[in-house]
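Asks: Shown below is the structure under consideration.
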Amino acid sequence: MPRYELALILKTMQRTETASAIRRTVEALLERGAVVRNLESLGERTLPYKMSKHNQRHSTGGYFLLDFDAPPTIIPTMLDHLGRDIDVIRPTILKHCTPETDENCPGLLQPDYEAKFQSKRK
Amino acid sequence: MWRAVRKWRPVYWQKGISTQRIPSTSNTSDTPITLENPYKEPPKKCILCGVSVDYKNVQLLSQFISPYTGRIFGRHITGLCGKKQKHISKAIKKAQQMGFMSVTFKDPTFLKDPNICDFKLRE
């Protein structure tokens with residue numbers, strides 16, 4: 001199963017309500033056959049720009065990061081479910097990508113002027 | 001009585017003597033050894049070589065945007081190599097869309113960061 005990352009922005013609420021919102025999300029994931037690896041909280045921050053969602057204007061939100069493995073068929077249904085949840089401001093599901101190693105990087109090379117000025121036509 | 005005069009030619013013009021020197025097989029101790037250039041400089045790397053670019057570290061991404069307009073700097077200003085410039089650009093767009101980074105300005109907490117790019121702030 002491929003690995004995904006859910007960047008969740010929740011409405012600023014009381015601790016208990018935030019906990020119940022996250023519990024709902026995780027339960028929905030598990031219900032659809034996902035395996036949750038890790039849940040991180042990035043804290044409650046002011047949003048970079050005001051967002052309108054579910055007839056409300058939000059300027060602060062709680063950021064959460066959810067790492068999970070899931071079959072790719074559940075992703076559209078999951079996004080739909082999160083879109084309906086009134087406590088969620090912005091859900092985004094991304095593929096988990098491992099950054100490429102820079103060991104084989106040749107560095108900043110000068111362009112090959114000789115090849116450039118030679119005509120490519122035979 | 002005229003005698004037939006042979007044309008004078010220097011000795012080394014005679015046929016049979018080659019004008020090229022034949023290298024001697026003995027005495028090869030002072031011939032130059034082929035080496036790779038020992039004074040070669042290590043290849044120049046851009047500032048982000050070895051640094052992984054992520055949409056989550058907004059501070060790193062904010063170093064490559066204008067503090068006034070929030071626009072992404074071009075390659076001639078950042079001085080990054082092709083791959084890293086693309087990664088940064090994609091990560092900034094991703095972060096902006098996901099609600100991690102602002103679009104029209106630079107986060108005020110990051111304004112005091114060291115200036116990597118070839119960009120002078122107006123005083």
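How things are named: the first chain in the structure tokens is A, the next is B, and so on; residues count from 1 in each chain; ligands count from 1 in the order shown.
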Near B:Ile92, counting only C-alpha atoms, which residues have an atom at most 7 Å away, once you skip same-chain residues fewer than 3 positions from it, shown as a list in words?
Replies: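 My reading of the contact set: Tyr55, Leu61, Ile88, Ser89, Ala95 and Gln96 of chain B.
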Asks: Keeping only C-alpha atoms, write those residues as a PDB file, in the first residue's frame.
Replies:
ATOM      1  CA  TYR B  55       6.886  22.142   1.999  1.00  0.00           C
ATOM      2  CA  LEU B  61      11.119  28.531   1.632  1.00  0.00           C
ATOM      3  CA  ILE B  88      11.925  25.131  -4.096  1.00  0.00           C
ATOM      4  CA  SER B  89       9.458  26.570  -6.548  1.00  0.00           C
ATOM      5  CA  ALA B  95       2.827  25.242   0.868  1.00  0.00           C
ATOM      6  CA  GLN B  96       0.853  28.263  -0.337  1.00  0.00           C
TER       7      GLN B  96
END
Asks: Kindly give the distance, in Å, that separates atom CA of B:Ile65 and atom CA of B:Glu123, rounded to a single decimal.
Replies: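 Value for the atom CA of B:Ile65-atom CA of B:Glu123 distance: 18.0 Å.
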Asks: Pick out the chain B residues within 6 Å of chain A. Count only C-alpha atoms. Give them as number ranges by chain.
Replies: B: 43-45, 50, 101-102
Asks: Generate the output file for the selected residues, all heavy atoms, as an mmCIF file, in the first residue's frame.
Replies:
data_model
loop_
_atom_site.group_PDB
_atom_site.id
_atom_site.type_symbol
_atom_site.label_atom_id
_atom_site.label_comp_id
_atom_site.auth_asym_id
_atom_site.auth_seq_id
_atom_site.Cartn_x
_atom_site.Cartn_y
_atom_site.Cartn_z
ATOM 1 N N PRO B 43 34.063 20.259 -7.352
ATOM 2 C CA PRO B 43 33.013 20.900 -8.159
ATOM 3 C C PRO B 43 32.182 21.871 -7.313
ATOM 4 O O PRO B 43 31.856 21.585 -6.169
ATOM 5 C CB PRO B 43 32.160 19.724 -8.639
ATOM 6 C CG PRO B 43 32.463 18.624 -7.709
ATOM 7 C CD PRO B 43 33.871 18.814 -7.273
ATOM 8 N N LYS B 44 31.861 23.005 -7.900
ATOM 9 C CA LYS B 44 31.090 24.025 -7.177
ATOM 10 C C LYS B 44 29.667 23.531 -6.979
ATOM 11 O O LYS B 44 29.018 23.074 -7.918
ATOM 12 C CB LYS B 44 31.040 25.324 -7.990
ATOM 13 C CG LYS B 44 32.228 26.211 -7.788
ATOM 14 C CD LYS B 44 31.988 27.567 -8.423
ATOM 15 C CE LYS B 44 33.328 28.181 -8.791
ATOM 16 N NZ LYS B 44 33.167 29.352 -9.653
ATOM 17 N N LYS B 45 29.183 23.641 -5.748
ATOM 18 C CA LYS B 45 27.817 23.188 -5.471
ATOM 19 C C LYS B 45 26.968 24.398 -5.089
ATOM 20 O O LYS B 45 27.462 25.363 -4.521
ATOM 21 C CB LYS B 45 27.846 22.196 -4.295
ATOM 22 C CG LYS B 45 28.782 21.030 -4.502
ATOM 23 C CD LYS B 45 28.059 19.723 -4.493
ATOM 24 C CE LYS B 45 28.938 18.631 -5.031
ATOM 25 N NZ LYS B 45 28.366 17.326 -4.915
ATOM 26 N N GLY B 50 22.581 18.888 -0.702
ATOM 27 C CA GLY B 50 22.595 18.105 0.528
ATOM 28 C C GLY B 50 21.471 18.476 1.477
ATOM 29 O O GLY B 50 21.235 17.778 2.464
ATOM 30 N N MET B 101 1.889 28.637 3.989
ATOM 31 C CA MET B 101 2.691 29.827 3.698
ATOM 32 C C MET B 101 1.819 30.873 3.012
ATOM 33 O O MET B 101 0.919 30.524 2.238
ATOM 34 C CB MET B 101 3.810 29.415 2.755
ATOM 35 C CG MET B 101 4.880 30.425 2.591
ATOM 36 S SD MET B 101 6.325 29.649 1.921
ATOM 37 C CE MET B 101 6.670 30.702 0.584
ATOM 38 N N SER B 102 2.103 32.145 3.307
ATOM 39 C CA SER B 102 1.299 33.187 2.685
ATOM 40 C C SER B 102 1.784 33.456 1.268
ATOM 41 O O SER B 102 2.923 33.208 0.933
ATOM 42 C CB SER B 102 1.379 34.463 3.509
ATOM 43 O OG SER B 102 2.710 34.888 3.584
#
Asks: What's the 8 Å shell around B:Cys81, counting only C-alpha atoms, without same-chain residues fewer than 2 positions away, as a ChimeraX atom specification?
Replies: /A:107-108 /B:46,75,79,83-85
Asks: Keeping only N, CA, C and O atoms, write those residues as a PDB file, in the first residue's frame.
Replies:
ATOM      1  N   GLY A 107      27.144  19.210  -9.392  1.00  0.00           N
ATOM      2  CA  GLY A 107      27.435  20.580  -9.002  1.00  0.00           C
ATOM      3  C   GLY A 107      27.092  21.567 -10.106  1.00  0.00           C
ATOM      4  O   GLY A 107      26.533  21.206 -11.133  1.00  0.00           O
ATOM      5  N   LEU A 108      27.448  22.830  -9.876  1.00  0.00           N
ATOM      6  CA  LEU A 108      27.145  23.865 -10.861  1.00  0.00           C
ATOM      7  C   LEU A 108      28.132  23.756 -12.018  1.00  0.00           C
ATOM      8  O   LEU A 108      29.311  24.061 -11.885  1.00  0.00           O
TER       9      LEU A 108
ATOM     10  N   CYS B  46      25.672  24.273  -5.346  1.00  0.00           N
ATOM     11  CA  CYS B  46      24.792  25.362  -4.954  1.00  0.00           C
ATOM     12  C   CYS B  46      24.517  25.256  -3.446  1.00  0.00           C
ATOM     13  O   CYS B  46      24.811  24.247  -2.829  1.00  0.00           O
ATOM     14  N   ARG B  75      16.150  32.198 -10.970  1.00  0.00           N
ATOM     15  CA  ARG B  75      17.422  31.509 -10.824  1.00  0.00           C
ATOM     16  C   ARG B  75      18.616  32.458 -10.765  1.00  0.00           C
ATOM     17  O   ARG B  75      19.618  32.176 -10.096  1.00  0.00           O
ATOM     18  N   GLY B  79      20.646  31.858  -7.319  1.00  0.00           N
ATOM     19  CA  GLY B  79      21.926  31.183  -7.557  1.00  0.00           C
ATOM     20  C   GLY B  79      21.866  29.687  -7.318  1.00  0.00           C
ATOM     21  O   GLY B  79      22.872  29.047  -7.024  1.00  0.00           O
ATOM     22  N   LYS B  83      17.840  21.723 -10.553  1.00  0.00           N
ATOM     23  CA  LYS B  83      16.981  20.817  -9.783  1.00  0.00           C
ATOM     24  C   LYS B  83      16.441  21.480  -8.532  1.00  0.00           C
ATOM     25  O   LYS B  83      15.256  21.407  -8.232  1.00  0.00           O
ATOM     26  N   LYS B  84      17.313  22.129  -7.781  1.00  0.00           N
ATOM     27  CA  LYS B  84      16.922  22.712  -6.492  1.00  0.00           C
ATOM     28  C   LYS B  84      15.967  23.882  -6.685  1.00  0.00           C
ATOM     29  O   LYS B  84      15.048  24.071  -5.903  1.00  0.00           O
ATOM     30  N   GLN B  85      16.179  24.646  -7.735  1.00  0.00           N
ATOM     31  CA  GLN B  85      15.279  25.763  -8.010  1.00  0.00           C
ATOM     32  C   GLN B  85      13.873  25.245  -8.267  1.00  0.00           C
ATOM     33  O   GLN B  85      12.891  25.803  -7.781  1.00  0.00           O
TER      34      GLN B  85
END
Asks: Work out how far atom CA of A:Leu6 is from atom CA of A:Ser52, in Å to one decimal.
Replies: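 Result for atom CA of A:Ser52 versus atom CA of A:Leu6: 20.0 Å, one decimal.
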Asks: From stretch 64-121 of chain B, collect each residue whose DSSP state is helix (DSSP H, G or I) and return the set as an MDAnalysis selection string.
Replies: chainID B and resid 75:78 82:98 108:110
Asks: In Å, how far is it from atom CA of A:Arg15 to atom CA of A:Asp80?
Replies: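 It comes out at 24.9 Å.
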